[in-house]
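To be precise, the following lines are upload_5.cif, and they hold mmCIF, C-alpha atoms.
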data_final
#
loop_
_atom_site.label_atom_id
_atom_site.label_comp_id
_atom_site.auth_asym_id
_atom_site.auth_seq_id
_atom_site.Cartn_x
_atom_site.Cartn_y
_atom_site.Cartn_z
CA MET A 87 -13.26 10.53 5.41
CA PRO A 88 -9.98 12.07 6.57
CA SER A 89 -8.41 10.75 9.74
CA THR A 90 -8.72 12.97 12.81
CA GLU A 91 -5.90 11.18 14.61
CA SER A 92 -2.18 11.17 13.94
CA SER A 93 -0.93 7.71 13.16
CA PHE A 94 2.20 6.05 11.92
CA ALA A 95 3.49 2.55 11.27
CA VAL A 96 6.79 1.23 12.54
CA ALA A 97 9.09 -1.66 11.70
CA LYS A 98 12.35 -2.44 13.44
CA GLY A 99 12.14 0.76 15.48
CA LYS A 100 11.74 3.09 12.49
CA VAL A 101 8.77 4.90 11.01
CA ILE A 102 7.75 3.33 7.71
CA ALA A 103 4.44 5.08 7.01
CA ILE A 104 2.62 8.17 8.29
CA ASN A 105 -0.69 9.87 7.78
CA GLU A 106 -1.08 13.55 6.89
CA LEU A 107 -1.61 14.72 10.47
CA ALA A 108 1.57 13.01 11.63
CA ARG A 109 3.46 14.51 8.68
CA GLU A 110 2.23 17.97 9.63
CA ALA A 111 3.56 17.37 13.16
CA GLY A 112 7.03 16.76 11.71
CA LEU A 113 7.20 12.99 11.35
CA PHE A 114 8.95 11.48 8.33
CA ARG A 115 9.79 8.01 7.04
CA GLY A 116 12.97 6.60 8.51
CA MET A 117 12.63 8.53 11.77
CA GLN A 118 13.31 6.62 14.97
CA ARG A 119 10.14 5.46 16.73
CA ARG A 120 11.07 7.20 20.00
CA ALA A 121 11.59 10.53 18.26
CA ALA A 122 8.24 10.16 16.50
CA GLU A 123 6.47 9.32 19.74
CA SER A 124 8.01 12.37 21.41
CA LEU A 125 6.66 14.64 18.65
CA VAL A 126 3.20 13.05 18.63
CA PRO A 127 2.75 11.28 21.99
CA ASN A 128 -0.96 10.54 21.44
CA ALA A 129 -0.53 9.10 17.95
CA HIS A 130 -1.89 5.71 17.03
CA VAL A 131 1.18 3.50 16.44
CA ILE A 132 0.75 0.54 14.11
CA GLU A 133 3.29 -2.27 14.30
CA HIS A 134 4.34 -3.61 10.92
CA ASP A 135 2.71 -7.00 10.27
CA PRO A 136 4.13 -8.46 7.04
CA VAL A 137 2.15 -11.71 7.30
CA GLY A 138 -1.11 -9.85 7.88
CA ASP A 139 -0.28 -7.38 5.09
CA ALA A 140 0.32 -10.25 2.67
CA ARG A 141 -2.92 -11.97 3.69
CA ARG A 142 -4.95 -8.78 3.18
CA PHE A 143 -3.23 -7.94 -0.13
CA GLU A 144 -3.72 -11.36 -1.76
CA PRO A 145 -7.42 -10.87 -2.72
CA LEU A 146 -6.49 -7.68 -4.60
CA VAL A 147 -3.76 -9.50 -6.49
CA GLN A 148 -6.23 -12.21 -7.44
CA LEU A 149 -8.66 -9.62 -8.81
CA ILE A 150 -5.90 -8.01 -10.88
CA GLU A 151 -4.77 -11.41 -12.18
CA GLU A 152 -8.26 -11.98 -13.57
CA VAL A 153 -7.55 -9.10 -15.96
CA VAL A 154 -3.77 -9.41 -16.39
CA PRO A 155 -2.02 -12.71 -15.65
CA ARG A 156 1.50 -13.17 -14.22
CA VAL A 157 1.37 -10.37 -11.66
CA GLU A 158 4.60 -10.23 -9.67
CA ILE A 159 4.31 -9.36 -5.98
CA VAL A 160 7.32 -7.33 -4.85
CA GLU A 161 5.90 -6.89 -1.35
CA PRO A 162 2.40 -6.43 0.00
CA GLY A 163 1.14 -3.21 -1.55
CA LEU A 164 3.60 -3.23 -4.47
CA ILE A 165 3.21 -5.31 -7.61
CA PHE A 166 4.52 -5.37 -11.14
CA VAL A 167 1.83 -5.91 -13.76
CA PRO A 168 3.03 -6.90 -17.25
CA ILE A 169 0.47 -5.06 -19.37
CA THR A 170 1.94 -5.26 -22.88
CA GLY A 171 0.02 -8.42 -23.76
CA ALA A 172 -3.13 -7.12 -22.07
CA ILE A 173 -2.94 -3.87 -24.06
CA ASN A 174 -2.91 -5.85 -27.28
CA TYR A 175 -5.61 -8.25 -26.07
CA TYR A 176 -8.04 -5.63 -24.76
CA GLY A 177 -7.35 -3.03 -27.46
CA GLY A 178 -5.48 -0.31 -25.63
CA GLU A 179 -3.94 0.96 -22.44
CA GLN A 180 -7.04 2.86 -21.33
CA GLN A 181 -9.18 -0.27 -21.74
CA VAL A 182 -6.79 -2.20 -19.47
CA VAL A 183 -6.81 0.58 -16.87
CA ASP A 184 -10.62 0.74 -16.97
CA LEU A 185 -10.90 -3.04 -16.51
CA LEU A 186 -8.44 -3.00 -13.60
CA VAL A 187 -10.21 -0.10 -11.87
CA ASN A 188 -13.62 -1.71 -12.36
CA SER A 189 -12.37 -5.05 -11.01
CA LEU A 190 -11.15 -3.36 -7.82
CA GLU A 191 -14.35 -1.37 -7.13
#

Encoded form using C-alpha cells:
Amino acid sequence: MPSTESSFAVAKGKVIAINELAREAGLFRGMQRRAAESLVPNAHVIEHDPVGDARRFEPLVQLIEEVVPRVEIVEPGLIFVPITGAINYYGGEQQVVDLLVNSLE
C-alpha cells in the first residue's frame, strides 16, 4: 500500500532516503535536513539508526546464507552474494534467484 505521508530519513543533518511523496515535493538525497523540513514541514522524519538497521537486516542475511554461503555485508541493506559456486551447484542462475526469492517470502 503506498504511503500517504511524506517521509525522509536523515543522518548527520543530511537526507539519506526519501519516499515518493517527498521526492515529488522536491526533496533529494544529500539535501540539508533544514531545507527538507522547510519544503515538507509535516513530513515524518526518521533518524538514521545503524545499530537498529543492522539488527533488523541480520535475519535476511541468514536466510540468504542458507542458499548461498559467504555473504558479505557492506552495510545494512547492501550485501555482496558470491553466486558463481551456487550457480554451478543449483544448476543455473535462474534456479539460484528462485531459491533466494522463495527463501525471503

> Could you pull the residues within 12 Å of Leu125 (chain A), counting all atoms listed in the file, minus those fewer than 2 positions along the same chain, as a ChimeraX atom specification?
Replying inline: /A:92-94,107-114,117-123,127-129

> Given the file above and the PyMOL selection byres ((chain A and resi 147) around 10), which residues are selected, and can you give them as a PyMOL selection string?
Replying inline: chain A and resi 142-146+148-152+154-155+157-159+162-165+167+190

Keeping only C-alpha atoms, write those residues as a compact mmCIF listing (two decimals), in the frame of the given file.
# COMPACT_ATOMS: atom_id res chain seq x y z
CA ARG A 142 -4.95 -8.78 3.18
CA PHE A 143 -3.23 -7.94 -0.13
CA GLU A 144 -3.72 -11.36 -1.76
CA PRO A 145 -7.42 -10.87 -2.72
CA LEU A 146 -6.49 -7.68 -4.60
CA GLN A 148 -6.23 -12.21 -7.44
CA LEU A 149 -8.66 -9.62 -8.81
CA ILE A 150 -5.90 -8.01 -10.88
CA GLU A 151 -4.77 -11.41 -12.18
CA GLU A 152 -8.26 -11.98 -13.57
CA VAL A 154 -3.77 -9.41 -16.39
CA PRO A 155 -2.02 -12.71 -15.65
CA VAL A 157 1.37 -10.37 -11.66
CA GLU A 158 4.60 -10.23 -9.67
CA ILE A 159 4.31 -9.36 -5.98
CA PRO A 162 2.40 -6.43 0.00
CA GLY A 163 1.14 -3.21 -1.55
CA LEU A 164 3.60 -3.23 -4.47
CA ILE A 165 3.21 -5.31 -7.61
CA VAL A 167 1.83 -5.91 -13.76
CA LEU A 190 -11.15 -3.36 -7.82

>> So the first atom is CA of Asn105 (chain A) and the second is CA of Glu91 (chain A); what is the distance between them in Å, to one decimal place?
In response: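 Result for CA of Asn105 (chain A) versus CA of Glu91 (chain A): 8.7 Å, one decimal.
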
> Quick one: which residues end up in the PyMOL selection byres ((chain A and resi 98) around 10) for this structure, as a PyMOL selection string?
Replying inline: chain A and resi 96-97+99-102+118-119+133-134

> CA of Arg156 (chain A) to CA of Gln181 (chain A): how many Å, to one decimal?
Replying inline: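 Value for the CA of Arg156 (chain A)-CA of Gln181 (chain A) distance: 18.4 Å.
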
> Of the candidates A:Ser189, A:Val153, A:Pro136, A:Asp184, which shows the shortest atom-to-atom distance to Ile169 (chain A), using all atoms listed in the file?
Replying inline: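 Checking each of A:Ser189, A:Val153, A:Pro136, A:Asp184 against Ile169 (chain A), counting all atoms listed in the file, the winner is A:Val153.
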